[in-house]
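S.K.: Structure below; questions to follow.
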Amino acid sequence: MGLRLFNTLTRQKEDFVSIEPGKIRMYTCGPTVYDFAHIGNFRAYVFADLLKRYLRYKGYEVKQVMNLTDIDDKTIRGSQQEKISLSEYTARYKDAFFQDIKALNIERADVYPEATAHIVDMVNLVKKLLEKSHAYQLGGSSYFKISTFPSYGKLSKMKMEDLKAGARISKDEYEKEEIGDFALWKAWDEKDGEVFWETEVGKGRPGWHIECSAMSMKYLGKHFDIHTGGVDLIFPHHENEIAQSEGATGEKFVNYWLHNEHLLVEGRKMAKSFGNYFTLRDILSKGYNPIAIRYLLLATHYRQQLNFTFEGLDGAKNALQRLHDFIDRLKGIRSQKSHPEVAEILKEAQSGFEESLDDDLNTSSALGKIFDLVKEINRFIDEGDFSSQDAEKTLALMQRFDSVLGILKREELKLDEKITELIQKRNQARKEKKWEEADKVRKEIESLGIILEDTPEGTKWKKRI
RNA sequence: GGCGGCUUAGCCAAGUGGUAAGGCAGAGGUCUGCAAAACCUCGAUUCUCCGGUUCAAAUCCGGAAGCCGCCUCCA
């Protein structure tokens, strides 16, 4: 069975077929760099990362582009408040974003185009839409005229007549001809201060949607395979991207639209505007390992809402610990007594893993298959029927799985002298059967974040996740 | 008001017609000086509720309740 993905365009799981055999071009809606991203934002990026990794696992060559929105109301406002330049302001959050995705073991996209570096491309696109009469100019701004694009609404399944008319028209959209028309280019306003570009379509700045059309087509071509983002982008953002892109090129824009559901907190969408959000930094400062967050995000199917709780995060951390312990255990196998069923069990685990992910990236099921494997192999090890060769094969498979999941890699860390001395001290005490003293030292070591395990092969240590 | 989605054990979560995966937490046991890790055993006669279809339903159909999201910046 091949890969099937749920396409928002058709609201169905479809067999995935790439435009160009063996190659995939995908675009992921990235962050607006006006603040630290919260973990709900990162759900979208972890999802895109998972998808990309699995496509590579399947043998595709993937080119991924992710935009950085560094020009919009929020970045302008933020920079003005701090009385620094827009680029100085956004640079801070770009850096933070890259630090955060690194912590979450999200692989970097191939290109991270910045909106401010692509004004020319956007202006050209606006010009083309004006030429083709898909757009009009009013008061120095340019708007897309949705009545010229009959299939408008095909992604979100919304009919423009049904939209609540007139409810919330912000001031700068005042002059639009139709309520659903949207800004491609916004005329300069006093509030924009120093932020503007003098262009062929006037003095001002780009609308939000145009950057994704311009930059995705620039790096991926007019027609590419996959576009991802959160469900909140379906309307109006992605709907508008389709209108702009297909209006300009006359060709199909994207084959597969994939959207991840929201992360909730206390039953509500995690959002800056609700004030119920946690940044990655917030959580790391409480002592959590970022990979535990990655695990948590991966453990629920991407199209299912996920209610974030610290209880859930603790559970994720413990589950992750179990996998890490398993890896450590495999690395320590020295027996030569092989188990006849290992090959078969590894094969089953692999096919189970692949079938799960082929089914629209069912990570919950895939993790279930991995834990089934862990349990069976652990039993073999307990029974003494497991050789170092078996362990190597199992490790290789786990590494293969991890090329998709990205949760097993850890920093090699060395014990500092102090802890090494304490371990020696404790072992001396144990030798002399001074159990009380040994336990006291063990507690001291634990308070430093190191857990000891006494095994027949000697005392082992590990770092608490 | 329009549109879409969700509801499975204490928590998380698979499962879309064939008789409830998996993880965390908890209890008991094996092992251990004690722990830890690992293993074994235990937990939903039941899948929000009410009807219906079927030999068979968590899964299909109809209805109800609760919750979430989009329609405005948003992952």
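Labels for the structure tokens follow display order: chains A, B, ..., residues from 1 in each chain, ligands from 1.
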What are the residues of chain B lining chain A at 9 Å or less? Count only C-alpha atoms (C1' of nucleotides), and put the answer as an NGL selection string.

M.R.: :B and (1-6 or 11-14 or 21-25 or 32-39 or 67-75)

S.K.: Find the residues near stretch 55-63 of chain B: any atom within 9 Å, counting only C-alpha atoms (C1' of nucleotides), skip ones fewer than 6 places away on the same chain, and give them as a list in words.

M.R.: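 Near stretch 55-63 of chain B, the qualifying residues are U8, G15, U16, G17, G18, U19, A20, U46 and C47 of chain B.
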
S.K.: Mind the document's chain letters and residue numbers, and return as an MDAnalysis selection string the residues of stretch 166-314 of chain A that DSSP labels alpha helix (DSSP H).

M.R.: chainID A and resid 208:220 239:249 280:284 290:299 310:314

S.K.: Neighbouring residues of A:Ala187 were defined as those with any atom within 6 Å, considering only C-alpha atoms (C1' of nucleotides); residues of the same chain fewer than 6 positions away were excluded. Please report them as JSON, numbers by chain.

M.R.: {"A": [140, 141, 203, 204]}

S.K.: May I have the selected residues written with all heavy atoms, as a PDB file, in the first residue's frame?

M.R.:
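To be explicit, this is the file written out as out-v7.pdb:
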```
ATOM      1  N   GLY A 140      -4.881  53.848  -3.648  1.00  0.00           N
ATOM      2  CA  GLY A 140      -3.481  53.481  -3.518  1.00  0.00           C
ATOM      3  C   GLY A 140      -3.254  52.035  -3.129  1.00  0.00           C
ATOM      4  O   GLY A 140      -2.132  51.549  -3.131  1.00  0.00           O
ATOM      5  N   SER A 141      -4.339  51.329  -2.780  1.00  0.00           N
ATOM      6  CA  SER A 141      -4.221  49.906  -2.457  1.00  0.00           C
ATOM      7  C   SER A 141      -4.689  49.072  -3.646  1.00  0.00           C
ATOM      8  O   SER A 141      -5.397  49.573  -4.515  1.00  0.00           O
ATOM      9  CB  SER A 141      -5.087  49.559  -1.243  1.00  0.00           C
ATOM     10  OG  SER A 141      -4.612  50.200  -0.082  1.00  0.00           O
ATOM     11  N   LYS A 203       3.072  53.353  -3.217  1.00  0.00           N
ATOM     12  CA  LYS A 203       3.851  53.381  -1.979  1.00  0.00           C
ATOM     13  C   LYS A 203       3.064  52.636  -0.915  1.00  0.00           C
ATOM     14  O   LYS A 203       1.886  52.936  -0.679  1.00  0.00           O
ATOM     15  CB  LYS A 203       4.048  54.841  -1.544  1.00  0.00           C
ATOM     16  CG  LYS A 203       4.731  55.018  -0.196  1.00  0.00           C
ATOM     17  CD  LYS A 203       4.841  56.505   0.157  1.00  0.00           C
ATOM     18  CE  LYS A 203       5.423  56.695   1.551  1.00  0.00           C
ATOM     19  NZ  LYS A 203       5.540  58.120   1.913  1.00  0.00           N
ATOM     20  N   GLY A 204       3.718  51.684  -0.301  1.00  0.00           N
ATOM     21  CA  GLY A 204       2.997  50.924   0.724  1.00  0.00           C
ATOM     22  C   GLY A 204       3.702  49.632   1.068  1.00  0.00           C
ATOM     23  O   GLY A 204       4.931  49.548   1.015  1.00  0.00           O
TER      24      GLY A 204
END
```

S.K.: Can you list, as a list in words, every protein, DNA or RNA residue that comes within 10 Å of B:G43 when you count only C-alpha atoms (C1' of nucleotides), leaving out same-chain residues fewer than 2 positions away?

M.R.: A9, G26 and A27 of chain B

S.K.: Env of A:Lys252: 10 Å cut, atoms = only C-alpha atoms (C1' of nucleotides), seq-sep filter 6 positions within chain, self excluded. Answer as a PyMOL selection string.

M.R.: chain A and resi 222-224+242+245-246

S.K.: Quick one: pull the distance between atom CA of A:Phe144 and atom CA of A:Leu220, Å, one decimal.

M.R.: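 Separation between atom CA of A:Phe144 and atom CA of A:Leu220: 22.8 Å.
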
S.K.: When you draw a straight line from atom CA of A:Leu9 to atom CA of A:Tyr256, how long is it in Å?

M.R.: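 Separating atom CA of A:Leu9 from atom CA of A:Tyr256 is a distance of 7.3 Å.
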
S.K.: In Å, how far is it from atom CA of A:Ala292 to atom CA of A:Leu323?

M.R.: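 These atoms are spaced 11.5 Å apart.
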
S.K.: Considering only C-alpha atoms (C1' of nucleotides), return as a list in words whatever protein or nucleic-acid residues lie within 9 Å of A:Leu397, sequence-local ones (same chain, fewer than 4 positions apart) excluded.

M.R.: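 Neighbouring residues, sequence-local ones excluded: Leu346, Ala349, Gln350, Glu392, Lys393, Phe401 and Asp402 of chain A.
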
S.K.: Residues of stretch 263-407 of chain A in strand (DSSP E or B) according to DSSP, as a list of chain:residue names?

M.R.: A:Leu263, A:Leu264, A:Val265, A:Arg268, A:Lys269, A:Thr279, A:Leu306, A:Asn307, A:Phe308, A:Asp359

S.K.: Could you please take those selected residues and save N, CA, C and O atoms as a PDB file, in the first residue's frame?

M.R.:
```pdb
ATOM      1  N   LEU A 263      -3.721  22.931  18.781  1.00  0.00           N
ATOM      2  CA  LEU A 263      -3.380  22.545  20.136  1.00  0.00           C
ATOM      3  C   LEU A 263      -4.305  23.364  21.029  1.00  0.00           C
ATOM      4  O   LEU A 263      -4.455  24.566  20.848  1.00  0.00           O
ATOM      5  N   LEU A 264      -4.941  22.704  21.975  1.00  0.00           N
ATOM      6  CA  LEU A 264      -5.844  23.409  22.882  1.00  0.00           C
ATOM      7  C   LEU A 264      -5.210  23.510  24.261  1.00  0.00           C
ATOM      8  O   LEU A 264      -4.378  22.697  24.638  1.00  0.00           O
ATOM      9  N   VAL A 265      -5.618  24.509  24.987  1.00  0.00           N
ATOM     10  CA  VAL A 265      -5.264  24.608  26.396  1.00  0.00           C
ATOM     11  C   VAL A 265      -6.554  24.885  27.141  1.00  0.00           C
ATOM     12  O   VAL A 265      -7.300  25.778  26.743  1.00  0.00           O
ATOM     13  N   ARG A 268      -9.531  25.263  24.976  1.00  0.00           N
ATOM     14  CA  ARG A 268      -9.614  26.308  23.962  1.00  0.00           C
ATOM     15  C   ARG A 268      -8.333  26.341  23.154  1.00  0.00           C
ATOM     16  O   ARG A 268      -7.269  26.013  23.642  1.00  0.00           O
ATOM     17  N   LYS A 269      -8.471  26.796  21.929  1.00  0.00           N
ATOM     18  CA  LYS A 269      -7.319  26.971  21.052  1.00  0.00           C
ATOM     19  C   LYS A 269      -6.224  27.793  21.742  1.00  0.00           C
ATOM     20  O   LYS A 269      -6.498  28.827  22.331  1.00  0.00           O
ATOM     21  N   THR A 279       5.077  29.377  25.396  1.00  0.00           N
ATOM     22  CA  THR A 279       6.146  29.308  24.415  1.00  0.00           C
ATOM     23  C   THR A 279       6.997  28.098  24.761  1.00  0.00           C
ATOM     24  O   THR A 279       6.895  27.531  25.857  1.00  0.00           O
ATOM     25  N   LEU A 306      -5.610  18.530  20.067  1.00  0.00           N
ATOM     26  CA  LEU A 306      -4.802  17.969  21.150  1.00  0.00           C
ATOM     27  C   LEU A 306      -4.861  18.932  22.333  1.00  0.00           C
ATOM     28  O   LEU A 306      -4.464  20.085  22.210  1.00  0.00           O
ATOM     29  N   ASN A 307      -5.372  18.452  23.441  1.00  0.00           N
ATOM     30  CA  ASN A 307      -5.474  19.314  24.615  1.00  0.00           C
ATOM     31  C   ASN A 307      -4.176  19.243  25.404  1.00  0.00           C
ATOM     32  O   ASN A 307      -3.819  18.184  25.925  1.00  0.00           O
ATOM     33  N   PHE A 308      -3.462  20.347  25.477  1.00  0.00           N
ATOM     34  CA  PHE A 308      -2.185  20.360  26.175  1.00  0.00           C
ATOM     35  C   PHE A 308      -2.375  20.443  27.686  1.00  0.00           C
ATOM     36  O   PHE A 308      -3.072  21.322  28.189  1.00  0.00           O
ATOM     37  N   ASP A 359      -1.075   5.521   6.180  1.00  0.00           N
ATOM     38  CA  ASP A 359      -2.472   5.891   6.359  1.00  0.00           C
ATOM     39  C   ASP A 359      -2.556   7.307   6.939  1.00  0.00           C
ATOM     40  O   ASP A 359      -2.848   7.495   8.119  1.00  0.00           O
TER      41      ASP A 359
END
```
